[in-house]
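**Student:** Quick one, data-v6.txt (compact mmCIF, C-alpha atoms and all ligand atoms):
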```
# COMPACT_ATOMS: atom_id res chain seq x y z
CA PRO A 14 0.00 0.00 0.00
CA ALA A 15 1.09 3.58 -0.59
CA MET A 16 2.50 5.75 2.12
CA ARG A 17 -0.01 8.49 2.85
CA VAL A 18 1.24 12.00 3.49
CA ASP A 19 -1.04 14.87 4.54
CA VAL A 20 0.25 18.44 4.72
CA VAL A 21 -1.69 21.31 6.32
CA THR A 22 -0.48 24.82 5.40
CA ILE A 23 -1.70 28.37 4.68
CA PHE A 24 0.48 28.29 1.53
CA PRO A 25 -0.62 25.14 -0.36
CA ASP A 26 1.12 26.36 -3.52
CA TYR A 27 4.43 26.14 -1.61
CA LEU A 28 4.03 22.34 -1.80
CA ALA A 29 3.50 22.32 -5.60
CA PRO A 30 7.07 21.01 -6.17
CA LEU A 31 5.84 17.70 -4.72
CA ASP A 32 3.97 17.25 -8.03
CA LEU A 33 7.30 17.17 -9.88
CA SER A 34 10.12 14.73 -10.57
CA LEU A 35 10.57 11.55 -8.52
CA ILE A 36 8.02 12.38 -5.87
CA GLY A 37 5.52 13.36 -8.55
CA LYS A 38 6.11 10.09 -10.37
CA ALA A 39 5.80 8.11 -7.13
CA ARG A 40 2.40 9.77 -6.65
CA GLU A 41 1.36 8.80 -10.18
CA ASP A 42 2.59 5.25 -9.54
CA GLY A 43 0.55 5.06 -6.37
CA LEU A 44 3.61 4.66 -4.12
CA LEU A 45 2.94 7.94 -2.33
CA ASP A 46 -0.49 9.46 -1.62
CA VAL A 47 0.26 13.14 -0.89
CA ARG A 48 -2.63 15.45 0.06
CA VAL A 49 -2.22 19.16 0.73
CA HIS A 50 -4.85 21.01 2.79
CA ASP A 51 -5.31 24.79 3.11
CA LEU A 52 -5.66 25.69 6.79
CA ARG A 53 -7.90 28.62 5.85
CA ASP A 54 -10.52 26.13 4.62
CA PHE A 55 -11.07 25.40 8.31
CA THR A 56 -11.87 28.98 9.32
CA HIS A 57 -15.39 30.41 9.42
CA ASP A 58 -14.98 34.18 9.50
CA ARG A 59 -15.07 36.50 6.53
CA HIS A 60 -11.33 37.16 6.70
CA ARG A 61 -10.46 33.47 7.13
CA THR A 62 -8.38 34.39 10.19
CA VAL A 63 -5.71 31.92 11.30
CA ASP A 64 -3.63 34.09 13.64
CA ASP A 65 -3.95 36.47 16.57
CA THR A 66 -1.77 38.38 19.06
CA PRO A 67 0.24 36.43 21.65
CA TYR A 68 -1.00 36.22 25.27
CA GLY A 69 1.71 37.66 27.49
CA GLY A 70 2.77 40.10 24.80
CA GLY A 71 5.77 39.84 22.49
CA ALA A 72 6.39 40.36 18.82
CA GLY A 73 4.58 38.65 15.99
CA MET A 74 1.38 36.62 15.83
CA VAL A 75 0.39 33.14 16.96
CA MET A 76 -1.65 30.63 14.94
CA LYS A 77 -5.09 30.12 16.50
CA PRO A 78 -5.90 26.63 17.81
CA GLN A 79 -9.42 26.16 16.38
CA PRO A 80 -8.53 26.03 12.66
CA TRP A 81 -5.78 23.51 13.41
CA SER A 82 -8.15 21.35 15.43
CA GLU A 83 -10.67 21.28 12.58
CA ALA A 84 -7.98 20.67 9.99
CA LEU A 85 -6.60 17.71 11.97
CA ASP A 86 -10.12 16.30 12.38
CA HIS A 87 -10.57 16.51 8.61
CA VAL A 88 -7.24 14.78 7.93
CA LEU A 89 -8.06 11.97 10.37
CA ALA A 90 -11.55 11.46 8.92
CA GLN A 91 -10.74 11.59 5.20
CA ASP A 92 -10.64 8.11 3.57
CA ASN A 93 -10.01 6.50 6.94
CA PRO A 94 -12.61 3.77 7.57
CA THR A 95 -10.41 1.96 10.13
CA GLY A 96 -9.73 5.02 12.26
CA ALA A 97 -5.98 4.60 11.74
CA LYS A 98 -3.74 7.38 13.08
CA PRO A 99 -0.96 9.26 11.29
CA ARG A 100 2.29 10.27 12.94
CA LEU A 101 2.16 14.07 13.22
CA ILE A 102 5.35 15.93 12.34
CA VAL A 103 5.53 19.64 13.18
CA PRO A 104 8.55 21.45 11.74
CA GLY A 105 10.08 23.97 14.14
CA PRO A 106 13.48 25.52 14.91
CA GLY A 107 13.25 24.04 18.40
CA GLY A 108 12.68 20.51 17.20
CA GLN A 109 14.82 17.37 17.18
CA PRO A 110 17.27 17.41 14.27
CA PHE A 111 15.99 15.95 11.01
CA THR A 112 18.60 13.34 10.09
CA GLN A 113 18.92 10.45 7.67
CA ALA A 114 18.24 8.16 10.62
CA LEU A 115 14.96 9.95 11.32
CA ALA A 116 14.13 9.90 7.60
CA ARG A 117 14.60 6.11 7.64
CA GLU A 118 12.39 5.84 10.71
CA LEU A 119 9.65 7.96 9.13
CA ALA A 120 9.87 5.97 5.87
CA GLU A 121 8.59 2.97 7.85
CA GLU A 122 5.38 4.81 8.80
CA PRO A 123 2.27 4.08 6.71
CA TRP A 124 0.86 7.59 7.29
CA LEU A 125 2.53 10.90 8.04
CA ALA A 126 0.81 14.24 8.66
CA PHE A 127 2.77 17.50 8.56
CA ALA A 128 1.59 20.73 10.21
CA CYS A 129 3.26 23.75 8.62
CA GLY A 130 3.35 26.68 11.01
CA ARG A 131 3.85 30.31 10.05
CA TYR A 132 4.02 33.58 12.02
CA GLU A 133 5.65 32.76 15.41
CA GLY A 134 4.22 29.28 15.41
CA ILE A 135 1.15 27.36 16.60
CA ASP A 136 -0.75 27.73 19.93
CA GLU A 137 0.77 25.12 22.27
CA ARG A 138 -2.65 23.66 23.08
CA VAL A 139 -2.80 22.21 19.56
CA TYR A 140 0.14 19.93 20.38
CA ASP A 141 -1.53 18.90 23.66
CA HIS A 142 -4.87 18.33 21.89
CA ALA A 143 -3.24 16.21 19.19
CA ARG A 144 -1.42 14.04 21.75
CA GLU A 145 -4.06 13.79 24.50
CA ASP A 146 -7.41 14.07 22.67
CA LEU A 147 -6.56 12.73 19.21
CA GLY A 148 -4.08 10.13 20.46
CA LEU A 149 -1.43 11.12 17.93
CA GLU A 150 2.33 10.72 18.26
CA VAL A 151 3.59 14.27 17.73
CA SER A 152 7.22 15.04 16.85
CA VAL A 153 8.62 18.56 16.54
CA VAL A 154 11.44 18.34 14.01
CA SER A 155 14.03 20.93 12.89
CA LEU A 156 15.67 21.07 9.48
CA GLY A 157 18.76 22.73 10.93
CA ASP A 158 20.11 25.44 13.17
CA TYR A 159 18.90 28.48 11.24
CA VAL A 160 15.56 30.29 11.22
CA LEU A 161 13.05 29.94 8.39
CA ASN A 162 9.77 31.85 8.09
CA GLY A 163 7.59 28.77 8.24
CA GLY A 164 7.44 25.01 8.01
CA GLU A 165 6.77 24.54 4.29
CA VAL A 166 10.42 24.46 3.14
CA ALA A 167 11.12 21.92 5.88
CA VAL A 168 8.21 19.74 4.77
CA LEU A 169 9.43 19.79 1.16
CA ALA A 170 12.82 18.58 2.36
CA MET A 171 11.40 15.97 4.71
CA VAL A 172 8.91 14.56 2.20
CA GLU A 173 11.70 14.29 -0.39
CA ALA A 174 14.16 12.67 2.06
CA VAL A 175 11.53 10.22 3.37
CA GLY A 176 9.74 9.62 0.07
CA ARG A 177 12.93 8.56 -1.74
CA LEU A 178 13.40 5.80 0.86
CA VAL A 179 9.99 4.26 0.15
CA PRO A 180 10.59 1.06 -1.83
CA GLY A 181 10.08 1.61 -5.54
CA VAL A 182 10.35 5.39 -5.48
CA ILE A 183 14.03 5.42 -6.43
CA GLY A 184 14.57 3.03 -9.34
CA ASN A 185 18.07 1.84 -8.51
CA ALA A 186 18.01 0.91 -4.82
CA ALA A 187 21.81 0.44 -5.00
CA SER A 188 22.16 4.21 -5.25
CA LEU A 189 20.65 4.48 -1.78
CA VAL A 190 23.50 2.65 -0.09
CA GLU A 191 26.80 4.47 -0.68
CA GLU A 192 25.56 7.99 -0.21
CA SER A 193 26.42 10.67 2.28
CA HIS A 194 24.96 10.14 5.75
CA GLU A 195 23.75 6.64 4.87
CA ASP A 196 26.85 5.03 6.35
CA GLY A 197 28.50 7.96 8.06
CA LEU A 198 30.87 9.00 5.28
CA LEU A 199 30.46 11.66 2.61
CA GLU A 200 30.24 10.54 -1.01
CA TYR A 201 33.24 10.12 -3.31
CA PRO A 202 33.93 12.44 -6.31
CA ILE A 203 32.01 11.50 -9.48
CA TYR A 204 32.93 11.91 -13.15
CA THR A 205 31.40 11.27 -16.57
CA LYS A 206 32.37 11.70 -20.23
CA PRO A 207 34.51 13.16 -21.70
CA SER A 208 37.56 11.64 -19.94
CA SER A 209 39.56 14.77 -20.81
CA TRP A 210 37.78 18.11 -20.42
CA ASN A 211 39.16 21.62 -20.26
CA GLY A 212 42.65 20.18 -19.78
CA ARG A 213 41.41 18.17 -16.79
CA GLU A 214 41.54 14.37 -16.71
CA VAL A 215 39.36 11.82 -14.95
CA PRO A 216 41.45 9.96 -12.30
CA PRO A 217 43.03 7.07 -14.32
CA VAL A 218 42.00 4.44 -11.75
CA LEU A 219 38.38 5.01 -12.77
CA LEU A 220 39.20 4.10 -16.38
CA SER A 221 41.27 1.05 -15.37
CA GLY A 222 38.48 -1.49 -15.12
CA ASN A 223 40.15 -2.69 -11.91
CA HIS A 224 37.06 -2.75 -9.68
CA GLY A 225 39.01 -3.55 -6.53
CA ALA A 226 41.30 -0.57 -7.06
CA ILE A 227 38.30 1.62 -7.92
CA ALA A 228 36.47 0.61 -4.73
CA GLU A 229 39.62 1.27 -2.68
CA TRP A 230 40.15 4.68 -4.28
CA ARG A 231 36.53 5.62 -3.70
CA HIS A 232 36.67 4.60 -0.04
CA GLU A 233 39.87 6.63 0.46
CA GLN A 234 38.21 9.61 -1.20
CA ARG A 235 35.16 9.30 1.08
CA LEU A 236 37.40 9.23 4.15
CA ALA A 237 39.44 12.22 2.92
CA ARG A 238 36.38 14.28 2.09
CA THR A 239 34.75 13.48 5.41
CA ALA A 240 37.97 14.39 7.27
CA ALA A 241 38.18 17.66 5.36
CA ARG A 242 34.54 18.76 5.43
CA ARG A 243 32.89 16.88 8.28
CA PRO A 244 35.46 15.65 10.81
CA ASP A 245 32.56 15.49 13.30
CA LEU A 246 31.24 12.48 11.38
CA LEU A 247 34.51 10.56 11.70
CA HIS A 248 34.94 8.18 14.62
CA ALA A 249 36.93 5.11 15.52
CA SER A 250 34.70 2.74 13.48
CA HIS A 251 36.17 4.15 10.27
CA GLY A 252 39.63 2.88 11.18
CA THR A 253 42.12 5.22 9.47
CA ASP A 254 43.07 8.10 11.69
CA ALA A 255 41.82 11.22 9.96
CA GLY A 256 45.17 12.85 10.61
CA ASP A 257 47.15 10.79 8.10
CA ILE A 258 44.81 11.01 5.10
CA GLU A 259 45.85 13.13 2.12
CA ILE A 260 43.19 15.82 2.19
CA SER A 261 41.61 16.43 -1.20
CA ALA A 262 38.68 18.76 -0.66
C1 LIG B 301 11.18 34.56 14.68
N1 LIG B 301 10.39 33.32 14.72
C2 LIG B 301 11.13 32.32 15.50
C3 LIG B 301 10.40 31.03 15.60
C4 LIG B 301 10.04 30.50 14.19
C5 LIG B 301 9.30 31.56 13.38
C6 LIG B 301 9.07 31.10 11.95
N2 LIG B 301 8.41 29.81 11.88
C7 LIG B 301 7.07 29.66 12.03
C8 LIG B 301 6.77 28.32 11.87
C9 LIG B 301 7.99 27.64 11.58
C10 LIG B 301 8.32 26.30 11.33
C11 LIG B 301 9.64 25.95 11.14
C12 LIG B 301 10.64 26.93 11.20
C13 LIG B 301 12.07 26.55 11.10
N3 LIG B 301 13.06 27.46 11.23
N4 LIG B 301 14.24 26.84 11.14
C14 LIG B 301 14.07 25.53 10.96
N5 LIG B 301 15.05 24.60 10.84
C15 LIG B 301 12.68 25.31 10.92
C16 LIG B 301 12.14 23.99 10.73
N6 LIG B 301 11.76 22.92 10.55
C17 LIG B 301 10.31 28.28 11.42
C18 LIG B 301 8.99 28.62 11.60
C19 LIG B 301 10.10 32.83 13.34
```
Would you put the structure from the file into structure tokens?
**Tutor:**
Amino acid sequence: PAMRVDVVTIFPDYLAPLDLSLIGKAREDGLLDVRVHDLRDFTHDRHRTVDDTPYGGGAGMVMKPQPWSEALDHVLAQDNPTGAKPRLIVPGPGGQPFTQALARELAEEPWLAFACGRYEGIDERVYDHAREDLGLEVSVVSLGDYVLNGGEVAVLAMVEAVGRLVPGVIGNAASLVEESHEDGLLEYPIYTKPSSWNGREVPPVLLSGNHGAIAEWRHEQRLARTAARRPDLLHASHGTDAGDIEISA
């Protein structure tokens, strides 16, 4: 069965890129069932109000709880005869880091729901309501240590990172193995035709047909790149001491 993904946002057009490329094809192939909902469809006033001033003062506006409650009810009720529950992911700068490990964990879920905040964020009672009244597992997740204006960019990244791990979405599953952050090392340098370009040659080992030597060279390159760019990822399990690797950035 397809993985179902619901996204609630005040900017549904921000999620249009999910109609494109691999994720778009996975939707056509029925591997992913992605539904985007406009939070303003769950307001009832003339101005379709989703925000108001913060209790206790402070800058900015806070997203009102009622529209979110109605939007979540709609998501849970739509095409859900068994009363199954999605895992609710709320992007936020104060969340747990979004990592490849978390992407792998989320790729095992049959149903994900994403709540895209804007303004200063969502009234805290929505999180409590989702956990205590709707019985949802709620995870606040951060894309990284920088501040965005809302959750949509994060959801695009998370849906792409998770979606590509769903079996069948990426044609060649082999390409999922030796990639950065899959096994703790950055990826090796890649080359294609022509072998000589702009006075620059492809490393001869790659043209040698000696697959053992090629694999060894690629592993050395991964270690060197990781030592140069992400020494924080290197630890004892990778054997070679980062100090004695020829650094080729
Ligand atoms: C000044 N304020 C500070 C708090 C956040 C306000 C903007 N905002 C509202 C909703 C919302 C959702 C995610 C993120 C976000 N920022 N950085 C990341 N890695 C994120 C992720 N995932 C940001 C967001 C702006």
**Student:** Using all atoms listed in the file, which residues of the polymer chains come no farther than 8 Å from ligand LIG 301 (chain B)? I'd like the answer as a list in words.
**Tutor:**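 My answer, listing the contacting residues, is Gly73, Val103, Pro104, Gly105, Pro106, Gly107, Gly108, Cys129, Gly130, Arg131, Tyr132, Glu133, Gly134, Ile135, Val154, Ser155, Leu156, Gly157, Asp158, Tyr159, Val160, Leu161, Asn162, Gly163, Gly164, Glu165, Val166, Ala167 and Val168 of chain A.
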**Student:** For each of A:Ile23, A:Ala240, A:Ala226, A:Val179, take the minimum atom-to-atom distance to A:Ala128, counting all atoms listed in the file, then give the residue where this is smallest.
**Tutor:**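 The answer is A:Ile23, which sits nearest to A:Ala128.
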**Student:** Neighbours of A:Glu150 within 8 Å (only C-alpha atoms; same-chain residues fewer than 5 positions away dropped), as a ChimeraX atom specification?
**Tutor:** /A:99-101,143-144
**Student:** Export, as a short mmCIF file (atom, residue, chain, number, x, y, z; two decimals), keeping the file's coordinate frame, the selected residues with C-alpha atoms.
**Tutor:**
```
data_model
loop_
_atom_site.label_atom_id
_atom_site.label_comp_id
_atom_site.auth_asym_id
_atom_site.auth_seq_id
_atom_site.Cartn_x
_atom_site.Cartn_y
_atom_site.Cartn_z
CA PRO A 99 -0.96 9.26 11.29
CA ARG A 100 2.29 10.27 12.94
CA LEU A 101 2.16 14.07 13.22
CA ALA A 143 -3.24 16.21 19.19
CA ARG A 144 -1.42 14.04 21.75
#
```
**Student:** For atom CA of A:Ala84 and atom CA of A:Gly71, quote the distance in Å rounded to one decimal.
**Tutor:** 26.7 Å
**Student:** Enclose stretch 197-208 of chain A, meaning all of its atoms listed in the file, in a box aligned along x, y and z, pad it by 4 Å on each side, and list the centre and edge lengths in Å to one decimal, as JSON.
**Tutor:**
```
{"center_x": 33.0, "center_y": 10.6, "center_z": -6.8, "size_x": 17.1, "size_y": 13.2, "size_z": 37.8}
```
**Student:** For A:Glu118, which residue among A:Arg243, A:Leu178, A:Asp51, A:Asp196 is the nearest when counting all atoms listed in the file?
**Tutor:**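 So, comparing all the options, the nearest one is A:Leu178.
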**Student:** Which neighbours of A:Pro78 fall inside 7 Å, counting all atoms listed in the file, when residues of the same chain fewer than 2 positions from it are skipped, and could you give them as number ranges by chain?
**Tutor:** A: 76, 80-82, 136, 138-139
**Student:** Could you please take those selected residues and save C-alpha atoms as a PDB file, in the coordinates of the input?
**Tutor:**
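Dumped everything to result.pdb:
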```pdb
ATOM      1  CA  MET A  76      -1.650  30.630  14.940  1.00  0.00           C
ATOM      2  CA  PRO A  80      -8.530  26.030  12.660  1.00  0.00           C
ATOM      3  CA  TRP A  81      -5.780  23.510  13.410  1.00  0.00           C
ATOM      4  CA  SER A  82      -8.150  21.350  15.430  1.00  0.00           C
ATOM      5  CA  ASP A 136      -0.750  27.730  19.930  1.00  0.00           C
ATOM      6  CA  ARG A 138      -2.650  23.660  23.080  1.00  0.00           C
ATOM      7  CA  VAL A 139      -2.800  22.210  19.560  1.00  0.00           C
TER       8      VAL A 139
END
```
**Student:** Which one is closest to A:Lys77: A:Val47, A:Val63, A:Ala90, A:Leu199? Count only C-alpha atoms.
**Tutor:** A:Val63
**Student:** For A:Ala116, list every protein, DNA or RNA residue within 9 Å, evaluated using all atoms listed in the file, and leave out those in the same chain fewer than 2 positions away; present the list as number ranges by chain.
**Tutor:** A: 111-114, 118-121, 171-172, 174-176, 178
**Student:** For a test of reading the model, state the distance in Å between atom CA of A:Leu85 and atom CA of A:Asp42, rounded to one decimal.
**Tutor:**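 Calculated distance between atom CA of A:Leu85 and atom CA of A:Asp42 is 26.5 Å.
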**Student:** For A:Asp92, which residue among A:Asn185, A:Glu195, A:Arg17, A:Leu33 is the nearest when counting all atoms listed in the file?
**Tutor:**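 Under the stated criterion, the closest residue is A:Arg17.
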**Student:** Can you work out which one of A:His142, A:Arg48, A:His194, A:Lys38 has the shortest atom-to-atom distance to A:Asp245, counting all atoms listed in the file?
**Tutor:**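 Ranked by minimum distance to A:Asp245, first place goes to A:His194.
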